[in-house]
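Pasting run-v1.txt here (compact mmCIF, C-alpha atoms):
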```
# COMPACT_ATOMS: atom_id res chain seq x y z
CA MET A 164 35.82 -92.02 -42.19
CA TYR A 165 37.56 -95.09 -43.45
CA ASP A 166 38.09 -96.43 -46.92
CA ILE A 167 35.86 -93.89 -48.54
CA LEU A 168 36.95 -93.15 -52.03
CA ILE A 169 36.30 -89.83 -53.68
CA ARG A 170 36.77 -89.64 -57.42
CA ARG A 171 35.20 -88.69 -60.72
CA ALA A 172 32.05 -90.63 -61.56
CA GLU A 173 32.25 -93.07 -64.43
CA TYR A 174 29.64 -92.92 -67.12
CA GLU A 175 28.00 -96.15 -65.91
CA GLU A 176 27.64 -94.71 -62.42
CA ILE A 177 25.49 -91.74 -63.42
CA ASP A 178 22.26 -93.70 -63.00
CA GLU A 179 23.15 -94.43 -59.39
CA VAL A 180 24.05 -90.74 -58.92
CA LYS A 181 20.63 -89.83 -60.29
CA ARG A 182 18.93 -92.13 -57.78
CA LEU A 183 20.85 -90.63 -54.86
CA LEU A 184 19.92 -87.13 -55.99
CA ALA A 185 16.29 -88.13 -56.43
CA ASP A 186 16.24 -89.49 -52.87
CA ASN A 187 17.29 -86.01 -51.79
CA GLY A 188 14.65 -84.29 -53.90
CA LEU A 189 17.13 -83.16 -56.55
CA THR A 190 17.39 -83.80 -60.25
CA PHE A 191 20.59 -84.45 -62.11
CA GLU A 192 21.58 -81.68 -64.46
CA ASP A 193 24.19 -81.86 -67.16
CA ALA A 194 27.54 -81.19 -65.57
CA GLU A 195 31.07 -80.68 -66.69
CA TYR A 196 32.35 -82.90 -63.90
CA THR A 197 30.62 -85.16 -61.42
CA ALA A 198 32.36 -86.46 -58.31
CA ILE A 199 31.21 -89.34 -56.14
CA ALA A 200 32.05 -90.69 -52.71
CA LYS A 201 32.07 -94.49 -52.56
CA HIS A 202 31.98 -96.81 -49.61
CA ARG A 203 31.72 -100.59 -49.93
CA ASN A 204 30.98 -100.22 -53.60
CA GLU A 205 27.99 -97.96 -53.03
CA ILE A 206 27.70 -94.31 -53.92
CA ILE A 207 27.08 -92.40 -50.70
CA GLY A 208 27.62 -88.86 -51.85
CA THR A 209 27.86 -86.75 -55.00
CA CYS A 210 28.61 -83.24 -56.16
CA SER A 211 29.03 -81.70 -59.63
CA PHE A 212 30.07 -78.50 -61.29
CA SER A 213 29.57 -76.69 -64.58
CA GLY A 214 31.64 -73.61 -65.21
CA LYS A 215 31.56 -71.59 -62.03
CA ILE A 216 28.52 -73.32 -60.60
CA ILE A 217 28.68 -76.10 -58.02
CA LYS A 218 25.52 -78.17 -58.09
CA CYS A 219 23.75 -81.49 -57.59
CA PHE A 220 25.18 -81.99 -54.14
CA ALA A 221 23.81 -84.76 -51.95
CA ILE A 222 24.95 -87.09 -49.19
CA ARG A 223 23.14 -90.33 -48.33
CA GLU A 224 21.11 -89.94 -45.15
CA ASP A 225 23.07 -92.52 -43.08
CA TYR A 226 26.42 -90.90 -43.90
CA LYS A 227 25.49 -87.37 -42.93
CA GLY A 228 27.37 -85.60 -40.17
CA GLU A 229 30.73 -87.30 -40.75
CA GLY A 230 32.52 -84.59 -42.62
CA LEU A 231 31.94 -86.25 -45.96
CA SER A 232 30.53 -83.11 -47.58
CA LEU A 233 33.71 -81.28 -46.74
CA LYS A 234 35.84 -83.86 -48.53
CA LEU A 235 33.53 -84.01 -51.52
CA ILE A 236 33.34 -80.26 -51.97
CA THR A 237 37.09 -79.87 -51.45
CA HIS A 238 37.58 -82.40 -54.24
CA ILE A 239 35.29 -80.34 -56.49
CA ILE A 240 37.05 -77.09 -55.63
CA ASP A 241 40.46 -78.65 -56.31
CA GLU A 242 39.21 -79.87 -59.65
CA MET A 243 37.90 -76.39 -60.50
CA PHE A 244 41.18 -74.86 -59.44
CA GLY A 245 42.98 -77.16 -61.84
CA ARG A 246 40.77 -75.75 -64.60
CA GLU A 247 41.56 -72.20 -63.57
CA ILE A 248 38.19 -71.52 -62.02
CA TYR A 249 38.87 -69.55 -58.87
CA GLU A 250 35.46 -68.03 -58.30
CA TYR A 251 32.52 -70.27 -57.69
CA PHE A 252 28.89 -70.22 -56.77
CA VAL A 253 26.51 -72.70 -55.30
CA PHE A 254 22.74 -72.90 -55.23
CA THR A 255 21.55 -74.93 -52.39
CA LYS A 256 18.65 -75.59 -50.11
CA PRO A 257 18.60 -73.50 -46.95
CA GLU A 258 19.36 -76.59 -44.81
CA ASN A 259 22.75 -77.03 -46.53
CA VAL A 260 23.85 -73.45 -46.06
CA ASP A 261 25.85 -74.15 -42.92
CA ILE A 262 28.00 -76.78 -44.63
CA PHE A 263 29.08 -74.29 -47.25
CA LYS A 264 29.46 -71.45 -44.79
CA SER A 265 31.88 -73.56 -42.78
CA MET A 266 34.01 -73.79 -45.92
CA GLY A 267 34.29 -70.06 -46.30
CA PHE A 268 31.32 -69.59 -48.62
CA LYS A 269 29.27 -66.46 -48.09
CA ILE A 270 25.58 -65.94 -48.65
CA VAL A 271 24.84 -63.60 -51.53
CA TYR A 272 21.10 -63.81 -51.12
CA SER A 273 18.57 -66.21 -49.80
CA VAL A 274 14.99 -66.58 -50.96
CA ASP A 275 12.45 -69.13 -49.80
CA LYS A 276 13.69 -72.33 -51.41
CA VAL A 277 17.05 -71.36 -52.83
CA CYS A 278 20.14 -69.80 -51.40
CA LEU A 279 23.01 -68.51 -53.51
CA LEU A 280 26.45 -68.59 -51.94
CA GLU A 281 29.79 -67.55 -53.34
CA GLY A 282 33.23 -68.88 -52.56
CA GLY A 283 36.88 -68.70 -53.54
CA ARG A 284 37.78 -65.29 -54.84
CA ALA A 285 34.20 -64.38 -55.71
CA ASN A 286 33.09 -61.30 -53.83
CA ILE A 287 29.97 -59.51 -54.94
CA ASN A 288 30.76 -56.16 -53.34
CA LYS A 289 34.26 -56.05 -54.77
CA SER A 290 33.29 -57.07 -58.28
CA ILE A 291 30.48 -54.54 -58.44
CA GLU A 292 32.86 -51.87 -57.21
CA GLU A 293 35.29 -52.87 -59.95
CA MET A 294 32.50 -52.79 -62.54
CA LEU A 295 31.64 -49.26 -61.47
CA ILE A 296 35.24 -48.04 -61.57
CA LYS A 297 35.83 -49.66 -64.96
CA SER A 298 32.69 -48.04 -66.38
CA GLY A 299 33.97 -44.58 -65.48
CA LEU A 300 30.46 -43.59 -64.42
CA GLY A 301 29.93 -40.93 -61.80
CA CYS A 302 27.52 -40.89 -58.88
CA GLU A 303 24.64 -39.17 -60.70
CA LYS A 304 21.20 -40.77 -60.64
CA LYS A 305 20.87 -43.39 -63.33
CA SER A 306 18.35 -45.47 -65.17
CA ALA A 307 19.31 -49.01 -65.99
CA LEU A 308 18.50 -51.59 -68.60
CA VAL A 309 19.56 -55.20 -68.64
CA MET A 310 19.63 -56.77 -72.07
CA ASN A 311 20.85 -59.86 -73.79
CA CYS A 312 20.52 -58.36 -77.31
CA ASN A 313 20.75 -61.65 -79.14
CA PRO A 314 21.09 -59.76 -81.54
CA PHE A 315 20.60 -55.99 -81.14
CA THR A 316 17.31 -54.87 -82.74
CA LEU A 317 15.43 -51.62 -83.27
CA GLY A 318 13.29 -52.71 -80.33
CA HIS A 319 16.30 -52.56 -78.01
CA ARG A 320 17.38 -49.32 -79.57
CA TYR A 321 13.92 -47.85 -78.99
CA ILE A 322 13.90 -48.62 -75.26
CA ILE A 323 17.45 -47.33 -74.77
CA GLU A 324 16.58 -44.15 -76.65
CA LYS A 325 13.46 -43.65 -74.54
CA ALA A 326 15.49 -44.10 -71.33
CA SER A 327 18.15 -41.74 -72.67
CA LYS A 328 15.58 -38.99 -73.29
CA GLU A 329 13.93 -39.39 -69.90
CA SER A 330 17.00 -39.74 -67.68
CA GLU A 331 20.12 -37.89 -66.73
CA SER A 332 22.29 -40.93 -67.25
CA VAL A 333 21.66 -44.46 -68.50
CA VAL A 334 23.60 -47.64 -67.97
CA VAL A 335 22.95 -50.68 -70.17
CA PHE A 336 24.11 -53.99 -68.78
CA ILE A 337 24.69 -56.64 -71.42
CA VAL A 338 24.23 -60.19 -70.19
CA LYS A 339 27.72 -61.61 -70.05
CA GLU A 340 26.98 -65.32 -69.98
CA ASP A 341 28.02 -66.90 -73.24
CA LYS A 342 25.08 -69.17 -73.70
CA SER A 343 23.30 -67.28 -76.44
CA LEU A 344 23.70 -67.82 -80.17
CA PHE A 345 25.52 -64.53 -80.53
CA PRO A 346 28.63 -64.45 -78.34
CA PHE A 347 29.02 -61.75 -75.70
CA ASP A 348 31.70 -59.78 -77.58
CA VAL A 349 29.46 -59.46 -80.61
CA ARG A 350 26.32 -58.57 -78.65
CA TYR A 351 28.24 -56.02 -76.61
CA SER A 352 30.01 -54.29 -79.47
CA LEU A 353 26.86 -54.05 -81.61
CA VAL A 354 24.96 -52.29 -78.83
CA LYS A 355 27.91 -50.09 -78.04
CA LYS A 356 28.28 -48.96 -81.65
CA GLY A 357 24.53 -48.74 -82.08
CA VAL A 358 24.03 -46.17 -79.33
CA LEU A 359 27.16 -44.05 -79.81
CA ASP A 360 24.98 -41.05 -80.71
CA LEU A 361 23.25 -41.17 -77.32
CA LYS A 362 25.74 -39.28 -75.19
CA ASN A 363 24.33 -40.12 -71.78
CA VAL A 364 24.24 -43.88 -72.38
CA LYS A 365 26.97 -46.23 -71.17
CA VAL A 366 27.05 -49.86 -72.27
CA ILE A 367 28.85 -52.28 -69.96
CA SER A 368 29.12 -55.98 -69.23
CA GLY A 369 26.55 -57.36 -66.82
CA GLY A 370 29.22 -59.36 -64.99
CA ASP A 371 28.55 -62.40 -62.85
CA TYR A 372 25.66 -61.03 -60.87
CA ILE A 373 23.07 -59.89 -63.42
CA ILE A 374 21.21 -62.67 -65.24
CA SER A 375 24.13 -65.04 -65.10
CA SER A 376 23.99 -68.76 -64.55
CA ALA A 377 24.78 -67.86 -60.95
CA THR A 378 21.81 -65.59 -60.38
CA PHE A 379 19.36 -66.97 -62.86
CA PRO A 380 20.06 -70.41 -64.36
CA SER A 381 16.60 -70.86 -65.89
CA TYR A 382 17.05 -67.83 -68.12
CA PHE A 383 19.40 -69.86 -70.27
CA ILE A 384 17.59 -73.15 -70.21
CA LYS A 385 14.20 -71.47 -70.59
CA GLN A 386 12.42 -74.02 -68.52
CA LEU A 387 9.43 -73.14 -66.51
CA ASP A 388 9.53 -75.19 -63.35
CA ASP A 389 8.88 -74.65 -59.67
CA LYS A 390 12.32 -73.11 -59.25
CA ILE A 391 11.59 -70.25 -61.60
CA ASP A 392 10.04 -68.01 -58.95
CA ALA A 393 12.99 -68.56 -56.67
CA TYR A 394 15.46 -67.67 -59.42
CA THR A 395 13.65 -64.60 -60.70
CA ASN A 396 13.27 -63.31 -57.16
CA LEU A 397 16.92 -63.98 -56.44
CA ASP A 398 18.10 -62.01 -59.46
CA ALA A 399 15.77 -59.10 -58.68
CA HIS A 400 16.87 -58.95 -55.04
CA ILE A 401 20.56 -59.04 -55.95
CA PHE A 402 20.00 -56.16 -58.36
CA GLY A 403 18.10 -54.19 -55.74
CA LYS A 404 20.38 -54.92 -52.83
CA TYR A 405 23.84 -54.73 -54.42
CA ILE A 406 23.93 -53.34 -57.94
CA ALA A 407 21.45 -50.48 -57.78
CA PRO A 408 22.94 -48.80 -54.69
CA ALA A 409 26.51 -49.07 -56.02
CA PHE A 410 25.58 -47.46 -59.35
CA ASN A 411 22.93 -45.15 -57.89
CA ILE A 412 20.23 -46.64 -60.08
CA VAL A 413 16.79 -45.22 -59.41
CA LYS A 414 14.88 -46.64 -62.33
CA ARG A 415 14.90 -49.73 -64.47
CA TYR A 416 13.33 -49.99 -67.91
CA VAL A 417 11.96 -53.33 -68.95
CA GLY A 418 10.51 -54.40 -72.29
CA THR A 419 7.19 -56.24 -72.26
CA GLU A 420 7.48 -59.86 -73.17
CA PRO A 421 4.66 -61.31 -75.23
CA PHE A 422 6.42 -64.54 -76.23
CA CYS A 423 8.66 -65.93 -73.57
CA ARG A 424 7.08 -67.06 -70.30
CA VAL A 425 10.40 -67.11 -68.43
CA THR A 426 11.11 -63.47 -69.27
CA GLU A 427 7.54 -62.59 -68.42
CA LYS A 428 7.96 -64.17 -64.99
CA TYR A 429 11.20 -62.27 -64.60
CA ASN A 430 9.48 -58.97 -65.41
CA ASP A 431 6.80 -59.79 -62.83
CA ALA A 432 9.49 -60.35 -60.20
CA LEU A 433 11.19 -57.05 -61.04
CA LEU A 434 7.89 -55.17 -60.82
CA LYS A 435 7.16 -56.76 -57.48
CA ILE A 436 10.59 -56.54 -55.84
CA LEU A 437 12.51 -53.51 -57.11
CA PRO A 438 10.08 -50.90 -55.75
CA SER A 439 10.88 -52.20 -52.25
CA TYR A 440 14.46 -50.97 -52.90
CA ASN A 441 13.11 -47.59 -54.09
CA ILE A 442 13.72 -48.41 -57.71
CA GLU A 443 11.01 -47.46 -60.15
CA VAL A 444 10.27 -50.03 -62.86
CA GLU A 445 8.86 -48.94 -66.18
CA LEU A 446 7.41 -51.52 -68.48
CA VAL A 447 7.81 -50.38 -72.08
CA GLU A 448 5.55 -51.77 -74.79
CA ARG A 449 7.44 -53.42 -77.61
CA ILE A 450 7.35 -51.52 -80.86
CA GLU A 451 5.83 -53.02 -83.95
CA LYS A 452 6.75 -52.67 -87.56
CA SER A 453 4.45 -53.78 -90.35
CA GLY A 454 2.44 -55.93 -87.98
CA ASN A 455 5.37 -57.71 -86.37
CA ILE A 456 6.57 -57.10 -82.86
CA ILE A 457 10.30 -56.57 -83.07
CA SER A 458 12.09 -59.07 -80.91
CA ALA A 459 15.46 -60.77 -81.07
CA SER A 460 13.84 -64.19 -81.31
CA PHE A 461 11.84 -62.99 -84.34
CA ILE A 462 15.06 -61.76 -85.95
CA ARG A 463 16.63 -65.16 -85.35
CA SER A 464 13.70 -66.86 -87.01
CA LEU A 465 14.14 -64.56 -90.02
CA ILE A 466 17.84 -65.43 -90.12
CA LYS A 467 16.83 -69.07 -90.19
CA LYS A 468 14.62 -68.39 -93.19
CA GLY A 469 17.33 -66.28 -94.79
CA ASP A 470 15.00 -63.31 -95.12
CA PHE A 471 17.60 -60.56 -94.86
CA GLU A 472 15.47 -57.92 -96.60
CA LYS A 473 12.95 -58.12 -93.80
CA ILE A 474 15.68 -58.07 -91.16
CA LYS A 475 17.09 -54.86 -92.60
CA ALA A 476 13.94 -53.01 -91.62
CA LEU A 477 13.96 -54.32 -88.05
CA VAL A 478 17.55 -53.90 -86.87
CA PRO A 479 19.93 -50.93 -86.62
CA ASN A 480 22.48 -50.59 -89.42
CA VAL A 481 25.32 -51.88 -87.23
CA THR A 482 23.52 -55.16 -86.71
CA TYR A 483 22.59 -55.51 -90.38
CA ASP A 484 26.13 -54.75 -91.53
CA TYR A 485 27.43 -57.33 -89.11
CA LEU A 486 24.93 -59.99 -90.17
CA VAL A 487 25.86 -59.72 -93.83
CA SER A 488 29.60 -59.62 -93.09
CA GLU A 489 32.04 -62.50 -93.36
CA LYS A 490 32.44 -62.57 -89.56
CA ALA A 491 28.80 -63.49 -88.95
CA LYS A 492 28.82 -66.52 -91.22
CA TYR A 493 29.48 -69.10 -88.54
CA ILE A 494 26.76 -67.70 -86.29
CA ILE A 495 24.24 -67.70 -89.12
CA GLU A 496 25.21 -71.29 -89.88
CA ARG A 497 24.61 -72.13 -86.23
CA ILE A 498 21.19 -70.49 -86.21
CA LYS A 499 20.18 -72.26 -89.39
CA ASN A 500 21.20 -75.62 -87.96
CA GLU A 501 19.31 -75.05 -84.74
CA LYS A 502 16.18 -77.10 -84.28
CA MET B 1115 60.65 -62.28 -55.37
CA GLU B 1116 57.59 -62.09 -57.51
CA VAL B 1117 54.31 -63.97 -57.51
CA LYS B 1118 53.84 -65.10 -61.10
CA ARG B 1119 50.74 -67.24 -61.06
CA ILE B 1120 47.77 -68.14 -58.95
CA ALA B 1121 48.32 -70.99 -56.50
CA LYS B 1122 46.71 -72.51 -53.43
CA SER B 1123 47.43 -74.64 -50.43
CA GLY B 1124 45.57 -76.03 -47.46
CA THR B 1125 42.13 -77.53 -46.97
CA PHE B 1126 38.82 -76.57 -45.43
CA GLU B 1127 39.23 -79.07 -42.60
CA SER B 1128 38.94 -77.93 -39.04
CA ASN B 1129 42.27 -76.59 -37.64
CA ASP B 1130 43.51 -75.84 -41.14
CA ILE B 1131 43.57 -72.79 -43.36
CA TYR B 1132 42.95 -72.55 -47.11
CA ILE B 1133 45.16 -70.09 -48.93
CA ILE B 1134 44.95 -68.69 -52.47
CA VAL B 1135 47.78 -66.40 -53.56
CA GLU B 1136 47.80 -64.46 -56.81
CA PRO B 1137 49.63 -61.61 -58.51
CA LYS B 1138 48.35 -58.15 -57.76
CA GLY B 1139 48.40 -55.40 -60.38
CA ASP B 1140 49.98 -52.75 -58.19
CA GLU B 1141 52.27 -52.83 -55.20
CA GLY B 1142 51.14 -53.93 -51.77
CA ILE B 1143 50.08 -56.93 -49.73
CA GLU B 1144 46.33 -57.43 -49.91
CA ILE B 1145 44.88 -59.95 -47.48
CA ASN B 1146 41.24 -61.02 -47.58
CA LEU B 1147 40.75 -63.13 -44.52
CA GLU B 1148 37.73 -65.00 -43.28
CA SER B 1149 38.00 -66.88 -40.04
CA ILE B 1150 35.77 -68.64 -37.56
CA VAL B 1151 37.83 -66.90 -34.87
CA MET B 1152 37.96 -63.52 -36.59
CA LYS B 1153 37.03 -61.58 -33.46
CA GLN B 1154 39.62 -63.23 -31.24
CA PHE B 1155 42.54 -63.83 -33.62
CA GLY B 1156 41.82 -61.99 -36.87
CA GLU B 1157 44.60 -59.46 -36.41
CA GLN B 1158 47.11 -62.07 -35.30
CA ILE B 1159 46.37 -64.32 -38.30
CA LYS B 1160 46.80 -61.38 -40.66
CA LYS B 1161 50.10 -60.53 -39.04
CA THR B 1162 51.35 -64.13 -39.38
CA ILE B 1163 50.39 -64.12 -43.06
CA GLU B 1164 52.02 -60.75 -43.64
CA ASP B 1165 55.24 -61.71 -41.86
CA THR B 1166 55.50 -64.88 -43.92
CA VAL B 1167 55.01 -62.89 -47.13
CA LYS B 1168 57.64 -60.38 -46.08
CA SER B 1169 60.16 -63.15 -45.34
CA PHE B 1170 60.05 -63.86 -49.09
CA LYS B 1171 60.68 -60.20 -49.87
CA ILE B 1172 57.49 -60.10 -51.90
CA LYS B 1173 56.09 -56.62 -52.45
CA SER B 1174 53.03 -57.32 -54.52
CA ILE B 1175 50.59 -60.10 -53.70
CA LYS B 1176 46.91 -60.77 -53.16
CA ILE B 1177 45.96 -63.42 -50.62
CA THR B 1178 42.59 -64.97 -50.00
CA ALA B 1179 42.50 -66.96 -46.75
CA LYS B 1180 39.70 -69.08 -45.30
CA ASP B 1181 40.65 -70.05 -41.80
CA ARG B 1182 39.12 -72.73 -39.66
CA GLY B 1183 41.10 -72.23 -36.51
CA ALA B 1184 44.61 -73.00 -37.75
CA LEU B 1185 47.53 -72.53 -35.39
CA ASP B 1186 50.31 -70.08 -36.21
CA TYR B 1187 52.76 -72.62 -37.59
CA THR B 1188 50.05 -74.14 -39.78
CA ILE B 1189 49.24 -70.73 -41.18
CA LYS B 1190 52.92 -70.03 -41.78
CA SER B 1191 53.54 -73.28 -43.63
CA ARG B 1192 50.37 -73.03 -45.71
CA VAL B 1193 51.26 -69.50 -46.82
CA GLU B 1194 54.82 -70.57 -47.55
CA THR B 1195 53.68 -73.51 -49.67
CA ALA B 1196 51.21 -71.41 -51.64
CA ILE B 1197 53.86 -68.76 -52.34
CA LYS B 1198 56.44 -71.32 -53.45
CA ARG B 1199 53.88 -72.78 -55.83
CA ALA B 1200 53.20 -69.34 -57.23
CA LEU B 1201 56.78 -68.26 -57.89
```

Just dump the structure as structure tokens.
Amino acid sequence: MYDILIRRAEYEEIDEVKRLLADNGLTFEDAEYTAIAKHRNEIIGTCSFSGKIIKCFAIREDYKGEGLSLKLITHIIDEMFGREIYEYFVFTKPENVDIFKSMGFKIVYSVDKVCLLEGGRANINKSIEEMLIKSGLGCEKKSALVMNCNPFTLGHRYIIEKASKESESVVVFIVKEDKSLFPFDVRYSLVKKGVLDLKNVKVISGGDYIISSATFPSYFIKQLDDKIDAYTNLDAHIFGKYIAPAFNIVKRYVGTEPFCRVTEKYNDALLKILPSYNIEVELVERIEKSGNIISASFIRSLIKKGDFEKIKALVPNVTYDYLVSEKAKYIIERIKNEK
Amino acid sequence: MEVKRIAKSGTFESNDIYIIVEPKGDEGIEINLESIVMKQFGEQIKKTIEDTVKSFKIKSIKITAKDRGALDYTIKSRVETAIKRAL
């Protein structure tokens, strides 16, 4: 390996990066940082990252097998380290798994077309163990719900209440990824306050392994492509294989999804996969109020219109009080400006 | 001495070892090692790491190590470098 230069890609080079990725059957996704390997003024390899996710990795066919991937990925990891990212994930095709394994990455789960690996300090078993200890939950049988609550509505409250009545103990995982209009801290504290009266319900952070950009990237970009089945299956398997046994979860409640195709696909995957891990899945019909199905996206559309009277009837008091408070102003601005 | 921040050393190249050291909440030396020669040399690598840590009189540290067949003196110097960067 002689005079090969590895550095950050310049803006003008992105088109060439896109071509290299396309030759390898990949598409370029927006990235925080894109690295390239150059030889004789041609781009022969590329790799990118966004947050904790390493992606868009490709090496030109005639340069494969020369240890170039190692140098490229090391460059990416060093760059992440400099930005204080010490835990990282990579989605890759099964044929690339060995490259990452040789660099100390470990397979979290592999489905047909996609394999999720983790590296650095990331360790699924350890972080789930820590989640469990932090939650203070015991080893009793539990029902689980995974929710984004963007924001918390009476619909969410209804499903949690139903689970609370029907189970010994309930754990509600709030999606941690901060890609929703309402930030995690807000979503989390509204749910927590909103279910205080339900004594057997615990609200905790979903962490890195439940609907995160590591387990389920399409959830946040809401695109319905050929990868969606792979991602939904991946998330369901990770829940079944790692999270449910650690928390002793025997049942998962899921709300029906009449509007969003991605969520609908996700529900299908849960219904198909979780029973194979001995987890019962109950699909709960969304509740309606005055002819409208209560959903967070509907609430957001009402916020956009400024129809707070209508919202009042559809969300718990905690959410309403928050929405009309000074603190919510910037979020409401953001929703109003959204296309 | 005390590990104050997270630091790394080494590479993922063959015959090298990649080390991340970081502060640990409580006392103790925690080593998470992965190695391509785990079965043959796992214990020995851990011992080399531990001895190097002890030579700094460090009581609380968490070490993540990804080994690709590094020799003892490589391991020792990589751990040393990472610790010095973390002090």

Do you know which residues are at most 12 Å from Lys452 in chain A counting only C-alpha atoms, after dropping those on the same chain fewer than 2 positions away, and could you put them as a ChimeraX atom specification?
/A:316-318,449-450,454-458,461,473-478

Please build the interface table for chain A against chain B with a cut-off of 7 Å, listing for each qualifying residue the nearest atom pair and the distance in Å to one decimal; count all atoms listed in the file, order rows by chain and increasing number, and write it as a tab-separated table.
```
residue	atom	partner	partner_atom	distance
A:Met266	CA	B:Phe1126	CA	5.6
A:Gly267	CA	B:Lys1180	CA	5.6
A:Arg284	CA	B:Thr1178	CA	6.8
```

State, in Å with one decimal place, the distance from CA of Lys305 in chain A to CA of Ala459 in chain A.
25.4 Å

Quick one: residues within 8 Å of Lys218 in chain A, all atoms listed in the file, excluding same-chain residues fewer than 3 positions away - as a PyMOL selection string?
chain A and resi 210-213+253-255

Quick one: residues within 12 Å of (21.1, -53.7, -85.6) (file frame), counting all atoms listed in the file, please, as a PyMOL selection string.
chain A and resi 312-321+349-358+457-459+462+474-487

Quick one: residues within 10 Å of range 1164-1171 of chain B, only C-alpha atoms, excluding same-chain residues fewer than 4 positions away - as a list in words?
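Here the answer would be Met1115, Glu1116, Ile1143, Glu1144, Ile1145, Gln1158, Ile1159, Lys1160, Ile1175, Ile1177, Ile1189, Lys1190, Ser1191, Arg1192, Val1193, Glu1194, Ile1197 and Lys1198 of chain B.
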
Grab the CA of Lys1118 in chain B to CA of Ala1196 in chain B distance for me, in Å with one decimal place.
11.7 Å

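We find CA of Leu361 in chain A and CA of Ser375 in chain A to be spaced 26.8 Å apart.
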
May I have the residues within 12 Å of Ala393 in chain A as a PyMOL selection string, using only C-alpha atoms and disregarding those fewer than 5 positions away in the same chain?
chain A and resi 254-256+272-279+378-381+387-388+398-400+428-429+432

Exercise: residues within 12 Å of coordinate (32.4, -70.5, -55.5), counting only C-alpha atoms, as a count of residues only:
40

Counting only C-alpha atoms, what is within 12 Å of Ile323 in chain A, bar same-chain residues fewer than 5 positions away, as a PyMOL selection string?
chain A and resi 306-310+312+315-318+328-330+332-336+354-355+357-366+415-418+447

From the list A:Ala194, A:Ile367, A:Leu295, A:Ile262, which residue is nearest Asn311 in chain A when using all atoms listed in the file?
A:Ile367
